[in-house]
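Student: One file is attached below, entry-v2.txt, containing compact mmCIF, C-alpha atoms.
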```
# COMPACT_ATOMS: atom_id res chain seq x y z
CA MET A 627 -79.85 -4.68 13.79
CA LYS A 628 -78.15 -2.69 11.09
CA LEU A 629 -81.03 -2.96 8.62
CA GLN A 630 -83.93 -2.23 10.98
CA GLY A 631 -86.73 -0.56 9.04
CA LYS A 632 -85.13 -1.18 5.61
CA LYS A 633 -87.31 -2.83 2.98
CA ILE A 634 -85.39 -5.09 0.60
CA GLY A 635 -86.74 -6.69 -2.58
CA ILE A 636 -85.13 -9.72 -4.17
CA LEU A 637 -86.21 -10.96 -7.59
CA ILE A 638 -86.89 -14.69 -7.75
CA GLU A 639 -87.59 -17.33 -10.41
CA SER A 640 -86.80 -21.01 -10.94
CA ASP A 641 -83.21 -22.19 -11.16
CA TYR A 642 -82.18 -19.87 -8.32
CA TYR A 643 -78.97 -20.68 -6.45
CA GLU A 644 -80.31 -22.15 -3.21
CA LYS A 645 -77.46 -21.17 -0.90
CA GLU A 646 -77.65 -17.54 -2.02
CA ILE A 647 -81.43 -17.22 -1.68
CA PHE A 648 -81.55 -19.08 1.64
CA TYR A 649 -78.79 -16.82 2.95
CA TYR A 650 -80.81 -13.72 2.03
CA GLU A 651 -83.94 -15.32 3.48
CA HIS A 652 -82.27 -15.71 6.88
CA ARG A 653 -79.60 -13.02 7.21
CA PHE A 654 -81.55 -9.94 6.12
CA PRO A 655 -84.34 -10.53 8.68
CA GLU A 656 -81.70 -11.26 11.36
CA GLU A 657 -80.46 -7.71 10.76
CA GLY A 658 -83.99 -6.32 10.97
CA ALA A 659 -84.75 -5.95 7.26
CA ASP A 660 -88.27 -6.27 5.89
CA LEU A 661 -87.62 -8.82 3.13
CA HIS A 662 -89.77 -9.27 0.02
CA PHE A 663 -89.24 -11.78 -2.78
CA LEU A 664 -90.68 -10.46 -6.05
CA THR A 665 -91.48 -12.12 -9.38
CA ARG A 666 -93.97 -12.27 -12.23
CA LEU A 667 -96.97 -14.12 -10.85
CA TRP A 668 -98.72 -14.42 -14.22
CA GLY A 669 -102.10 -13.67 -12.61
CA GLN A 670 -101.63 -16.31 -9.89
CA SER A 671 -101.74 -15.60 -6.15
CA SER A 672 -98.42 -17.42 -5.73
CA LEU A 673 -95.91 -19.55 -7.62
CA THR A 674 -93.50 -22.19 -6.40
CA PHE A 675 -90.06 -22.12 -7.96
CA THR A 676 -87.32 -24.73 -7.73
CA GLY A 677 -83.65 -24.25 -7.08
CA HIS A 678 -80.94 -25.03 -9.60
CA GLU A 679 -78.92 -27.70 -7.81
CA ASN A 680 -81.19 -29.41 -5.28
CA LYS A 681 -84.58 -28.45 -6.76
CA ALA A 682 -85.55 -26.98 -3.37
CA PRO A 683 -89.03 -25.40 -3.57
CA PHE A 684 -89.48 -21.69 -2.89
CA GLU A 685 -92.93 -20.09 -2.81
CA CYS A 686 -93.37 -16.47 -3.85
CA HIS A 687 -96.50 -14.39 -3.18
CA GLU A 688 -95.46 -10.94 -4.40
CA SER A 689 -95.24 -9.50 -7.90
CA PHE A 690 -93.35 -6.50 -9.23
CA GLU A 691 -95.68 -6.36 -12.26
CA ASN A 692 -98.28 -3.94 -10.91
CA MET A 693 -96.12 -2.16 -8.35
CA ASP A 694 -96.49 1.59 -8.76
CA ASP A 695 -93.66 4.09 -8.23
CA ALA A 696 -94.93 5.03 -4.76
CA ALA A 697 -94.74 1.40 -3.59
CA LEU A 698 -91.35 0.95 -5.25
CA ALA A 699 -90.04 4.05 -3.46
CA ASN A 700 -90.61 2.28 -0.12
CA PHE A 701 -87.77 -0.13 -0.93
CA SER A 702 -84.25 0.61 0.28
CA ALA A 703 -82.72 -1.98 -2.06
CA ILE A 704 -83.59 -4.21 -5.00
CA ILE A 705 -81.40 -7.24 -5.66
CA VAL A 706 -81.17 -9.32 -8.84
CA PRO A 707 -79.58 -12.58 -7.64
CA SER A 708 -77.18 -14.85 -9.45
CA ALA A 709 -77.90 -18.08 -11.33
CA ILE A 710 -80.67 -18.38 -13.91
CA VAL A 711 -83.22 -16.06 -12.22
CA ALA A 712 -82.35 -13.15 -14.52
CA ASP A 713 -82.43 -15.33 -17.62
CA ARG A 714 -85.93 -16.55 -16.82
CA LEU A 715 -87.13 -13.04 -15.98
CA ARG A 716 -85.92 -11.81 -19.40
CA TYR A 717 -88.95 -13.42 -21.01
CA THR A 718 -91.26 -11.02 -22.84
CA GLU A 719 -94.40 -11.85 -24.79
CA ASP A 720 -93.46 -9.27 -27.45
CA ILE A 721 -89.82 -9.31 -28.53
CA ASN A 722 -90.15 -5.65 -29.52
CA GLN A 723 -90.86 -4.74 -25.89
CA LEU A 724 -88.55 -4.89 -22.90
CA PRO A 725 -89.33 -7.67 -20.44
CA PRO A 726 -91.46 -6.56 -17.48
CA ALA A 727 -88.58 -7.30 -15.07
CA THR A 728 -86.24 -5.08 -17.09
CA ARG A 729 -88.82 -2.28 -17.07
CA PHE A 730 -89.10 -2.76 -13.29
CA MET A 731 -85.33 -2.37 -12.98
CA GLN A 732 -85.43 0.78 -15.13
CA ARG A 733 -87.89 2.24 -12.63
CA ALA A 734 -85.70 1.15 -9.70
CA PHE A 735 -82.64 2.75 -11.32
CA ALA A 736 -84.60 5.97 -11.86
CA ASN A 737 -84.98 6.26 -8.08
CA LYS A 738 -81.54 7.29 -6.78
CA LYS A 739 -82.52 6.44 -3.19
CA ILE A 740 -82.86 2.73 -3.96
CA LEU A 741 -79.65 0.70 -3.77
CA LYS A 742 -79.45 -1.73 -6.69
CA GLY A 743 -77.52 -4.99 -6.46
CA ILE A 744 -77.03 -7.13 -9.54
CA ILE A 745 -75.24 -10.36 -8.77
CA CYS A 746 -73.23 -12.27 -11.41
CA HIS A 747 -75.60 -13.50 -14.15
CA GLY A 748 -78.13 -10.91 -12.97
CA MET A 749 -76.55 -8.59 -15.54
CA TRP A 750 -78.47 -10.56 -18.18
CA LEU A 751 -81.64 -8.85 -17.01
CA VAL A 752 -80.36 -5.39 -17.89
CA ALA A 753 -78.57 -6.41 -21.09
CA SER A 754 -81.45 -5.14 -23.23
CA ALA A 755 -81.33 -1.77 -21.44
CA PRO A 756 -77.63 -0.86 -21.63
CA GLU A 757 -78.22 2.50 -19.95
CA LEU A 758 -78.76 0.57 -16.72
CA GLY A 759 -75.30 -0.97 -16.84
CA ALA A 760 -73.59 2.32 -17.66
CA ARG A 761 -73.22 3.38 -14.06
CA PRO A 762 -70.48 5.79 -13.03
CA GLN A 763 -68.91 2.92 -11.11
CA SER A 764 -69.53 -0.81 -11.18
CA ARG A 765 -67.84 -3.36 -8.95
CA CYS A 766 -67.71 -6.78 -10.54
CA THR A 767 -65.93 -10.11 -10.51
CA GLN A 768 -64.51 -12.00 -13.47
CA GLN A 769 -67.78 -13.37 -14.93
CA PRO A 770 -69.66 -10.12 -15.73
CA TYR A 771 -66.52 -7.98 -16.19
CA ARG A 772 -66.68 -7.81 -20.00
CA ARG A 773 -70.43 -7.05 -19.91
CA CYS A 774 -69.80 -4.16 -17.52
CA ALA A 775 -66.98 -2.93 -19.77
CA GLN A 776 -69.36 -3.00 -22.75
CA TYR A 777 -71.67 -0.69 -20.81
CA GLY A 778 -68.86 1.84 -20.51
CA SER A 779 -68.67 1.63 -16.73
CA ASP A 780 -65.71 2.91 -14.74
CA LEU A 781 -64.85 -0.55 -13.51
CA HIS A 782 -63.47 -1.62 -10.18
CA ARG A 783 -62.47 -5.25 -10.39
CA SER A 784 -63.30 -7.13 -7.23
CA GLY A 785 -62.05 -10.62 -6.56
CA CYS A 786 -60.17 -10.81 -9.85
CA GLY A 787 -56.68 -11.02 -8.39
CA ASP A 788 -55.68 -7.42 -9.03
```
What would you get if you wrote out this structure as structure tokens?

Tutor:
Amino acid sequence: MKLQGKKIGILIESDYYEKEIFYYEHRFPEEGADLHFLTRLWGQSSLTFTGHENKAPFECHESFENMDDAALANFSAIIVPSAIVADRLRYTEDINQLPPATRFMQRAFANKKILKGIICHGMWLVASAPELGARPQSRCTQQPYRRCAQYGSDLHRSGCGD
């Protein structure tokens, strides 16, 4: 159990890639991780999202919206998954303000002890906060490569054939 005692947060919204989310849902706990799916609950006690391909339902009961820095510091990792999750979480009521999910990621990035994983289209979530993409090193595949380059990252291409 390599992840025993580690608390992992995964952002979730509709149009998630089912195979990816279901893999996280099963594999992280198998390794002993304390897994939490986080979203904007919009004042509700839970929301049910649907997957992108098969419309599989996924119920979420936890929000990042009112999580304070002390609670956030208990996480070992925060993951922004692929697919349309990040696009949906980019919504903000006031276009002059960063989306709540982006502000949450800013807070996660401010804590150097938290591992941050942004998968594929997850980079959309931090596009409005380019300082989050400007990491000393980013490992990316073909799809987000140009976005990472725009952030000025010292890129390490992974899975791109070179």

Student: Could you tell me how far CA of Arg733 in chain A lies from CA of Gln630 in chain A, in Å and to one decimal?

Tutor: 24.4 Å

Student: Just how far from CA of Ser672 in chain A is CA of Tyr717 in chain A, in Å to one decimal?

Tutor: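 Taking CA of Tyr717 in chain A and CA of Ser672 in chain A, their separation equals 18.4 Å.
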
Student: I'd like to know which of A:Lys633, A:Lys738, A:Lys681, A:Lys645 is closest to His662 in chain A, using only C-alpha atoms.

Tutor: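 Using only C-alpha atoms, the shortest distance to His662 in chain A belongs to A:Lys633.
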
Student: Hey, which of A:Ala703, A:Ala727, A:Ile745, A:Leu667 ends up closest to His687 in chain A? Count all atoms listed in the file.

Tutor: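 The shortest atom-to-atom distance to His687 in chain A comes from A:Leu667.
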
Student: Taking 3 positions as the minimum chain separation for residues in the same chain, which residues sit within 9 Å of Phe730 in chain A when counting all atoms listed in the file? Answer as an MDAnalysis selection string.

Tutor: chainID A and resid 690:691 693 725:727 733:735

Student: Using the selection just defined, write its residues with C-alpha atoms as a PDB file, keeping the file's coordinate frame.

Tutor:
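That gives us again-v6.pdb:
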```
ATOM      1  CA  PHE A 690     -93.350  -6.500  -9.230  1.00  0.00           C
ATOM      2  CA  GLU A 691     -95.680  -6.360 -12.260  1.00  0.00           C
ATOM      3  CA  MET A 693     -96.120  -2.160  -8.350  1.00  0.00           C
ATOM      4  CA  PRO A 725     -89.330  -7.670 -20.440  1.00  0.00           C
ATOM      5  CA  PRO A 726     -91.460  -6.560 -17.480  1.00  0.00           C
ATOM      6  CA  ALA A 727     -88.580  -7.300 -15.070  1.00  0.00           C
ATOM      7  CA  ARG A 733     -87.890   2.240 -12.630  1.00  0.00           C
ATOM      8  CA  ALA A 734     -85.700   1.150  -9.700  1.00  0.00           C
ATOM      9  CA  PHE A 735     -82.640   2.750 -11.320  1.00  0.00           C
TER      10      PHE A 735
END
```

Student: Take every atom of range 727-739 of chain A listed in the file, pad by 6 Å on each side, and give me the axis-aligned box centre and edge lengths in Å, one decimal, as JSON.

Tutor:
```
{"center_x": -85.3, "center_y": 0.0, "center_z": -10.1, "size_x": 19.6, "size_y": 26.6, "size_z": 25.9}
```

Student: Grab the CA of Arg716 in chain A to CA of Leu751 in chain A distance for me, in Å with one decimal place.

Tutor: 5.7 Å

Student: Mind checking which residues fall within 8 Å of range 649-658 of chain A, counting all atoms listed in the file, ignoring those fewer than 6 positions away in the same chain, and posting them as a list in words?

Tutor: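 My list of contacting residues is Met627, Lys628, Leu629, Gln630, Gly631 and Lys632 of chain A.
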
Student: Have a look at A:Thr728, A:Thr676, A:Asn737, A:Gln670 and name the one nearest to Ala712 in chain A; count only C-alpha atoms.

Tutor: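 The closest residue to Ala712 in chain A is A:Thr728.
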
Student: May I ask which of the residues A:Pro707, A:Leu741, A:Thr674, A:Arg714 is the closest one to Ile634 in chain A, counting all atoms listed in the file?

Tutor: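 Among the listed residues, the smallest separation from Ile634 in chain A belongs to A:Leu741.
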
Student: Looking at all atoms listed in the file, which of A:Pro683, A:Ser689, A:Gly743, A:Ala709 is the one that sits closest to Gly669 in chain A?

Tutor: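 Once distances to Gly669 in chain A are computed over all atoms listed in the file, the minimum belongs to A:Ser689.
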
Student: Select, from A:Ile638, A:Ile647, A:Ala682, A:Leu758, the residue with the minimum atom-to-atom distance to Met731 in chain A, counting all atoms listed in the file.

Tutor: A:Leu758

Student: Show me, as a PyMOL selection string, the residues that have an atom within 8 Å of Asp641 in chain A when counting all atoms listed in the file, minus same-chain residues fewer than 2 positions from it.

Tutor: chain A and resi 639+643+675-679+681+709-711
